[in-house]
Structures are given as structure tokens and as C-alpha cells.
Amino acid sequence: NTILIANRGEIACRLIRTARQLGIKTIAVYSEADQSGLHVDMASDAICIGLAQAKESYLNIDSIMAAIEESGADAVHPGYGFLSENAEFAERLDTEGVIFIGPRPNAIRVMGDKIKSKLFAEKAGLSVVPGHTKPIKNVAEAKKIAKTIGYPVMLKASAGGGGKGMRVVEKESQIEGSLRAATAESVNSFGDDRIFIEKFISNPRHIEIQILADSHGNCIHLGERECSIQRRHQKVVEEAPSVFVDEEMRANMGAQAVALATAVDYQSVGTVEFIVDEKKNYYFLEMNTRLQVEHPVTELITGL
């Protein structure tokens, strides 16, 4: 009957619009800096959850739990960012008997770790980028693994996202500096120093499959979005459908995305990302266990 939206800005507004169409009451939360935000005006009710800094408000699980209790909300939508991929938050809601509009905590944990998710995807029958899935211990080991895989290679932070902790290495002499830089960036961004190595796909395309899964074991995909136009590993343009993907490829990639979601007992919306080479070989990259910034692109062509 009532959804508390644990977010702000455009995603909160999108969720409020949809809830309104469904006749569901919405509760907005806001920091002191966002009290005049559009989402605050649009919602049925609004509650202040703390100071301007995100860690004192939107990232403060206790503040949001207090707002849920005050409002009597029976469900929470986290949007994207903030607590959307926080398994502890999902577990707290579960304990309090509040519906989390998102995946189960285990799916968030498994898919939120790039090493764990790659091993899980491989076990589920998906193609993965050739590489070494254990964290690198030192420079000597990194050189040895890179030589086995063959240059160019990609150093990646296990806890990574948003292009952080990633370095392309063209030759052995670049390994030491790149490993140091990727590790430092990973520690600063995620508090995690684990780095692994995989083959760098030259001239790649980045194709992602949007999936929808319910809590009764049903899962479908809504086709692909292409996000190959990037800057510093950050997506700039999203396009759907992709001009590169044919019907057979779409069906096969979609089937792999659904197989992964089913294997991890996924529910709610999510995106399975693939990297594709020039010969249309595709490899699992990661799964985003949340509603995406780019979901409106799919929304525009499907109406969902």
C-alpha cells in the first residue's frame, strides 16, 4: 500500500510517478540539503532523515529504518546508488517484515563481487572472459599470469564499479605501475585491495541485457541496450535495440542472462552485462543487482 523511496532526484521522481499510476502511496526521504527537491513535492508524504552528507542521511540505515517505522511503509524501493546493492540493508528490512523491492541479499552479495560473480556465471554455463579469477598476490605473479593469458590484459578491482580500479596493460613493463595504481584506486573507492587479471578484448562492444524476475521463479529478458560509447569506462550513450545484435544473438544472450538470474534465485529488475568482440563472441562481464540509470531506454521501446 505504501512505498518508502530511499533515494532522491530523478530516480525518486520516476518511482513516484509509477507508484502513483498504480495507486500506491509514496513516502519521500530527504536530507536537510534536499528539502526543496522535486521528489519531496511529488510524494504523498516526506520525512527528513539527516544532514546533507550522504553518510548522515541516504546511507544511514538506522535513519531510514526510523523513517519506515514513522511512516508505516510496508515496502522500500532503494532506486540506484546509495543502499540499492547493500545486502545488510535488505536483510534489516527482511527482519522487520518490510518488503525490499529488489533482489534477495544472497544475490546482491554474489553478483556484487566481480570474482565471485565470474566463477558463479561460469558454473551457470555462461561464457566468461579468459583470465585468472583469484586475487593477485604480487607483481611477479601478475607478470606470470599476464604472460600466460597474453597481452593486452585488463587489471580489475574485484569490488569495482563505475570504471574504478581498472587498467589496460599492453606490455610487461607497465604491470608494476598499473597494479599499484589500480590497487590504490580500489582501496580508495571500495576499501578493498583485491585485483584480478583477465584478457583485454580489443575493439569491444558493451551489450547489456535487461531482465525482469518475479518472486515465483519466473524470469524474462527485455532485449539489449548497447553502451559501447564510453569515456573512462563510464557509459555516455545507451541505444536500444543495438544495430550490432541480430535475432539469433539476442535470443542466445537473453537466454544466458535469464539462466544466470535463475541460478542465483534473482528477483526484481536487473541487468546482465556482456563484452562482445568483433566476431560476435560474447562474454559475461557483471550483473547489476538493481534498477539501472539507463532503464528508461528500455522503457521507451517496451513500455515497461
# chains A, B, ... in the order shown; residues from 1 in each chain; ligands from 1

$ select_by_dssp --residues "segment 69-275 of chain A" --states "helix (DSSP H, G or I)" --output "number ranges by chain"
A: 69-71, 87-95, 105-112, 114-123, 139-149, 172-190, 247-263

$ residues_around --residues "Arg92 of chain A" --least-positions-apart "5" --cutoff "12 Å" --atoms "only C-alpha atoms" --output "JSON, numbers by chain"
{"A": [61, 62, 64, 65, 66, 68, 76, 83, 86, 87, 97, 98, 99, 100, 104, 105]}

$ write_last_selection --atoms "N, CA and C atoms" --output "tab-separated table (two decimals), in the first residue's frame"
chain	number	residue	atom	x	y	z
A	61	ILE	N	21.47	3.59	7.47
A	61	ILE	CA	20.42	2.58	7.55
A	61	ILE	C	19.49	2.82	8.75
A	62	ASP	N	20.05	3.20	9.90
A	62	ASP	CA	19.22	3.44	11.09
A	62	ASP	C	18.21	4.56	10.87
A	64	ILE	N	16.94	5.55	7.99
A	64	ILE	CA	15.91	5.10	7.05
A	64	ILE	C	14.95	4.12	7.73
A	65	MET	N	15.48	3.24	8.58
A	65	MET	CA	14.61	2.32	9.32
A	65	MET	C	13.64	3.10	10.22
A	66	ALA	N	14.14	4.19	10.83
A	66	ALA	CA	13.28	5.03	11.69
A	66	ALA	C	12.18	5.69	10.86
A	68	ILE	N	10.89	4.47	8.11
A	68	ILE	CA	9.95	3.40	7.74
A	68	ILE	C	8.95	3.19	8.88
A	76	VAL	N	9.97	-0.86	0.56
A	76	VAL	CA	11.01	0.13	0.30
A	76	VAL	C	11.61	-0.10	-1.07
A	83	LEU	N	21.92	2.74	-1.05
A	83	LEU	CA	21.79	1.42	-0.42
A	83	LEU	C	21.22	0.35	-1.36
A	86	ASN	N	23.14	-2.96	-1.15
A	86	ASN	CA	23.64	-3.22	0.20
A	86	ASN	C	22.86	-4.38	0.80
A	87	ALA	N	23.52	-5.55	0.88
A	87	ALA	CA	22.84	-6.76	1.37
A	87	ALA	C	22.41	-6.62	2.83
A	97	GLY	N	10.20	-7.33	8.55
A	97	GLY	CA	8.97	-7.67	7.81
A	97	GLY	C	8.56	-6.63	6.79
A	98	VAL	N	9.54	-5.86	6.31
A	98	VAL	CA	9.29	-4.84	5.28
A	98	VAL	C	9.77	-5.37	3.93
A	99	ILE	N	8.97	-5.20	2.91
A	99	ILE	CA	9.33	-5.70	1.57
A	99	ILE	C	10.45	-4.84	0.97
A	100	PHE	N	11.50	-5.49	0.51
A	100	PHE	CA	12.57	-4.81	-0.23
A	100	PHE	C	12.29	-5.00	-1.71
A	104	ARG	N	17.17	-10.66	-3.49
A	104	ARG	CA	17.46	-11.20	-2.17
A	104	ARG	C	18.91	-10.88	-1.80
A	105	PRO	N	19.22	-10.80	-0.49
A	105	PRO	CA	20.58	-10.45	-0.06
A	105	PRO	C	21.69	-11.32	-0.66

$ closest_residue --among "A:Glu56, A:Gly102, A:Gly81, A:Arg231" --to "Ala12 of chain A" --atoms "only C-alpha atoms"
A:Gly81

$ residues_around --residues "Val168 of chain A" --least-positions-apart "2" --cutoff "9 Å" --atoms "only C-alpha atoms" --output "list in words"
Pro152, Val153, Met154, Leu155, Lys156, Met166, Glu170, Ser178 and Phe200 of chain A

$ residues_around --residues "Lys134 of chain A" --least-positions-apart "4" --cutoff "9 Å" --atoms "only C-alpha atoms" --output "ChimeraX atom specification"
/A:115,194-197

$ residues_around --residues "segment 289-292 of chain A" --least-positions-apart "5" --cutoff "10 Å" --atoms "only C-alpha atoms" --output "number ranges by chain"
A: 11, 77-81, 84-86, 101-105, 107-112, 210, 261, 266-272, 297

$ atom_distance --atom1 "atom CA of Leu179 of chain A" --atom2 "atom CA of Lys118 of chain A"
20.3 Å

$ closest_residue --among "A:Met249, A:Leu285, A:Ile5, A:Ala255" --to "Ala73 of chain A" --atoms "only C-alpha atoms"
A:Ile5
